[in-house]
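See below for the structure under consideration.
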Amino acid sequence: MSEERYGEFVLVRRHGDGGAGGAGHVAELVLDRPKAMNAVSTEMAGSIAGACAALGADKGVRVVVLTSTHARAFCVGADLKERNSFSDADLMRQRPVTRGAYAGVLELPVPTIAAVHGFALGGGFELALSCDVIVADRTAVVGLPEVSVGVIPGGGGTQLLPRRVGAARAAELIFTARRVEAGEARELGLVDVLVEEGRDREEALAMAGRIAANSPVGLRAAKRALRVGHGLDLRAGLEIEDAAWRATAFSGDRAEGVAAFNEKRRPEWPGE
């Protein structure tokens with residue numbers, strides 16, 4: 001495993017050597033500001049965006065797992081202590097930096113998995129919502145409490161949450177600012193996989209390994225079709241799917257996948 005740091009508060013780990021099972025193509029994006037329960041400061045937001053830009057450009061990465069080094073929190077959202085010192089002008093200057101962090105995760109071209117334990121609140125939950133799959137352990141507490149401090153979810157929450165749970169449920173959760181514990185979160189669809197305490201990272205990385213064993217061309221195209229086609233009418237969505245299919249059908253990965261299937265061996269994906 002190799003590690004690379006982006007600023008003081010973000011770490012990227014590359015797992016394995018690229019051998020069987022695709023583990024070497026799994027990157028772990030680690031939130032590492034434990035003294036502040038991973039509260040997202042301006043500096044940390046810039047580092048998240050920078051790490052995501054590097055990961056998105058790396059053709060060797062097939063899956064990204066978003067994790068936390070804090071024992072009791074995934075991320076508690078915006079750094080309100082920092083914001084308490086801001087003038088209006090400071091807040092306006094910070095806004096594109098923080099938007100860049102959430103957009104960086106959301107726009108990663110490969111499958112993404114959030115491994116959530118403890119508190120994932122406000123911007124912290126929005127980072128998780130920006131991922132394709134959320135794995136949570138039984139200590140998880142999620143929510144978008146921004147209206148309780150005079151703002152609204154500004155990291156994608158008002159758009160991503162209703163896409164998960166529907167408009168009325170999202171409205172109830174955002175308007176009440178309530179925190180939702182792990183069991184109910186799973187029932188409502190706020191998280192996708194619920195595991196025993198302390199196993200969120202383990203399960204997310206295991207899932208990432210299973211995903212990474214598949215075609216990198218296919219994974220990127222499937223994600224693009226899912227994301228771009230969501231919310232379109234069926235006819236338009238099927239056109240998006242067809243374009244993504246064409247991007248894979250004449251690729252080296254498709255040729256290798258068919259050959260490997262017929263030869264009863266593990267594919268060696270060219271990734272193109």
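Chain lettering (A, B, ...) mirrors the order of the structure tokens, residue numbering begins at 1 for each chain separately, and ligand numbering begins at 1 in order of display.
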Please provide the set of residues having any atom within 9 Å of A:Leu160, restricted to only C-alpha atoms, with same-chain residues fewer than 2 positions apart removed, written as a list in words.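 Here the qualifying residues turn out to be Glu126, Leu129, Ser130, Gly156, Gly157, Thr158, Pro162, Arg163 and Arg164 of chain A.
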Keeping only all heavy atoms, take the residues you just selected and write them out as an mmCIF file, in the first residue's frame.
```cif
data_model
loop_
_atom_site.group_PDB
_atom_site.id
_atom_site.type_symbol
_atom_site.label_atom_id
_atom_site.label_comp_id
_atom_site.auth_asym_id
_atom_site.auth_seq_id
_atom_site.Cartn_x
_atom_site.Cartn_y
_atom_site.Cartn_z
ATOM 1 N N GLU A 126 -23.227 15.163 3.159
ATOM 2 C CA GLU A 126 -23.233 15.509 1.739
ATOM 3 C C GLU A 126 -22.048 14.886 1.003
ATOM 4 O O GLU A 126 -22.177 14.482 -0.163
ATOM 5 C CB GLU A 126 -23.249 17.028 1.567
ATOM 6 C CG GLU A 126 -24.604 17.629 1.917
ATOM 7 C CD GLU A 126 -24.593 19.137 1.944
ATOM 8 O OE1 GLU A 126 -23.740 19.731 2.637
ATOM 9 O OE2 GLU A 126 -25.440 19.743 1.259
ATOM 10 N N LEU A 129 -23.270 11.441 0.467
ATOM 11 C CA LEU A 129 -24.311 11.441 -0.564
ATOM 12 C C LEU A 129 -23.730 11.618 -1.961
ATOM 13 O O LEU A 129 -24.343 11.196 -2.955
ATOM 14 C CB LEU A 129 -25.330 12.555 -0.304
ATOM 15 C CG LEU A 129 -26.275 12.380 0.882
ATOM 16 C CD1 LEU A 129 -27.061 13.661 1.133
ATOM 17 C CD2 LEU A 129 -27.212 11.204 0.665
ATOM 18 N N SER A 130 -22.569 12.235 -2.055
ATOM 19 C CA SER A 130 -21.921 12.433 -3.347
ATOM 20 C C SER A 130 -21.327 11.144 -3.898
ATOM 21 O O SER A 130 -20.925 11.093 -5.063
ATOM 22 C CB SER A 130 -20.819 13.496 -3.224
ATOM 23 O OG SER A 130 -21.366 14.756 -2.875
ATOM 24 N N GLY A 156 -24.782 20.054 -1.988
ATOM 25 C CA GLY A 156 -25.534 19.134 -2.834
ATOM 26 C C GLY A 156 -26.695 18.455 -2.149
ATOM 27 O O GLY A 156 -27.455 17.721 -2.780
ATOM 28 N N GLY A 157 -26.879 18.699 -0.861
ATOM 29 C CA GLY A 157 -27.883 17.966 -0.103
ATOM 30 C C GLY A 157 -29.308 18.138 -0.582
ATOM 31 O O GLY A 157 -30.079 17.173 -0.594
ATOM 32 N N THR A 158 -29.692 19.365 -0.968
ATOM 33 C CA THR A 158 -31.075 19.583 -1.401
ATOM 34 C C THR A 158 -31.367 18.901 -2.734
ATOM 35 O O THR A 158 -32.541 18.714 -3.082
ATOM 36 C CB THR A 158 -31.401 21.083 -1.540
ATOM 37 O OG1 THR A 158 -30.614 21.654 -2.607
ATOM 38 C CG2 THR A 158 -31.147 21.827 -0.246
ATOM 39 N N PRO A 162 -33.214 14.152 -2.181
ATOM 40 C CA PRO A 162 -34.482 13.737 -2.800
ATOM 41 C C PRO A 162 -34.301 12.703 -3.905
ATOM 42 O O PRO A 162 -35.204 11.902 -4.156
ATOM 43 C CB PRO A 162 -35.071 15.041 -3.355
ATOM 44 C CG PRO A 162 -33.952 16.011 -3.381
ATOM 45 C CD PRO A 162 -33.025 15.614 -2.279
ATOM 46 N N ARG A 163 -33.148 12.681 -4.530
ATOM 47 C CA ARG A 163 -32.895 11.648 -5.538
ATOM 48 C C ARG A 163 -32.753 10.268 -4.898
ATOM 49 O O ARG A 163 -32.945 9.256 -5.555
ATOM 50 C CB ARG A 163 -31.635 11.989 -6.345
ATOM 51 C CG ARG A 163 -31.864 13.086 -7.385
ATOM 52 C CD ARG A 163 -30.561 13.630 -7.932
ATOM 53 N NE ARG A 163 -30.760 14.415 -9.137
ATOM 54 C CZ ARG A 163 -31.189 15.672 -9.161
ATOM 55 N NH1 ARG A 163 -31.474 16.289 -8.021
ATOM 56 N NH2 ARG A 163 -31.334 16.318 -10.311
ATOM 57 N N ARG A 164 -32.429 10.243 -3.621
ATOM 58 C CA ARG A 164 -32.329 8.974 -2.890
ATOM 59 C C ARG A 164 -33.661 8.565 -2.280
ATOM 60 O O ARG A 164 -34.038 7.398 -2.347
ATOM 61 C CB ARG A 164 -31.306 9.105 -1.752
ATOM 62 C CG ARG A 164 -29.894 8.767 -2.138
ATOM 63 C CD ARG A 164 -28.989 8.765 -0.900
ATOM 64 N NE ARG A 164 -27.768 8.056 -1.226
ATOM 65 C CZ ARG A 164 -27.557 6.778 -0.997
ATOM 66 N NH1 ARG A 164 -28.485 6.060 -0.398
ATOM 67 N NH2 ARG A 164 -26.421 6.208 -1.340
#
```
Would you give me, as a ChimeraX atom specification, the residues in stretch 15-263 of chain A that DSSP reads as strand (DSSP E)? /A:15,26-31,63-68,73-75,112-116,119-121,133-137,141-143,180-181,193-195
Could you pull the residues within 6 Å of stretch 166-179 of chain A, counting only C-alpha atoms, minus those fewer than 6 positions along the same chain, as a ChimeraX atom specification? /A:142-145
So how far away is atom CA of A:Ala101 from atom CA of A:Ile48, in Å?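 Distance between the two atoms: 5.3 Å.
The gap separating atom CA of A:Glu202 from atom CA of A:Val135 is 9.8 Å, in Å to one decimal.
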In Å, rounded to a single decimal, give me how far atom CA of A:Val26 is from atom CA of A:Pro109.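 Pair atom CA of A:Pro109 / atom CA of A:Val26 returns 13.5 Å.
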Residue nearest A:Arg13 - candidates A:Ala51, A:Asp242, A:Gly46, A:Asp200, atoms counted: only C-alpha atoms: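 So, comparing all the options, the nearest one is A:Ala51.
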Could you give me, as a tab-separated table, every stretch 105-203 of chain A residue with an atom at most 9 Å from stretch 215-227 of chain A, plus its closest atom pair and distance in Å to one decimal, counting only C-alpha atoms, rows ordered by chain then number?
```
residue	atom	partner	partner_atom	distance
A:Pro109	CA	A:Arg220	CA	5.8
A:Val110	CA	A:Arg220	CA	5.3
A:Pro111	CA	A:Lys223	CA	6.7
A:Asp132	CA	A:Lys223	CA	8.7
```
Test item: residues at most 9 Å from A:Glu268, only C-alpha atoms, excluding those fewer than 6 positions along its chain, as a VMD selection string: chain A and resid 215 253 256 to 257 260
Could you write out, as a ChimeraX atom specification, all the residues of stretch 116-176 of chain A that DSSP marks as alpha helix (DSSP H)? /A:123-129,157-165,167-176
Which residue of A:Val195, A:Val97, A:Leu55, A:Arg201 approaches A:Ser68 most closely, using only C-alpha atoms: A:Arg201
Option closest in space to A:Glu203, from A:Ile134, A:Arg235, A:Ala71, A:Arg62 [counting only C-alpha atoms]: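 Smallest distance to A:Glu203 is found for A:Ile134.
The shortest atom-to-atom distance to A:Phe74, with only C-alpha atoms taken into account, belongs to A:Ala120 out of A:Ala57, A:Ala120, A:Leu106, A:Ile113.
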Between A:Ala49, A:Ala115, A:Leu232, A:Val61, single out the one closest to A:Val191, counting only C-alpha atoms. A:Ala115
Which residue is closest to A:Ala208? Choose from A:His25, A:Arg14, A:Lys81, A:Arg265 and count only C-alpha atoms. A:His25
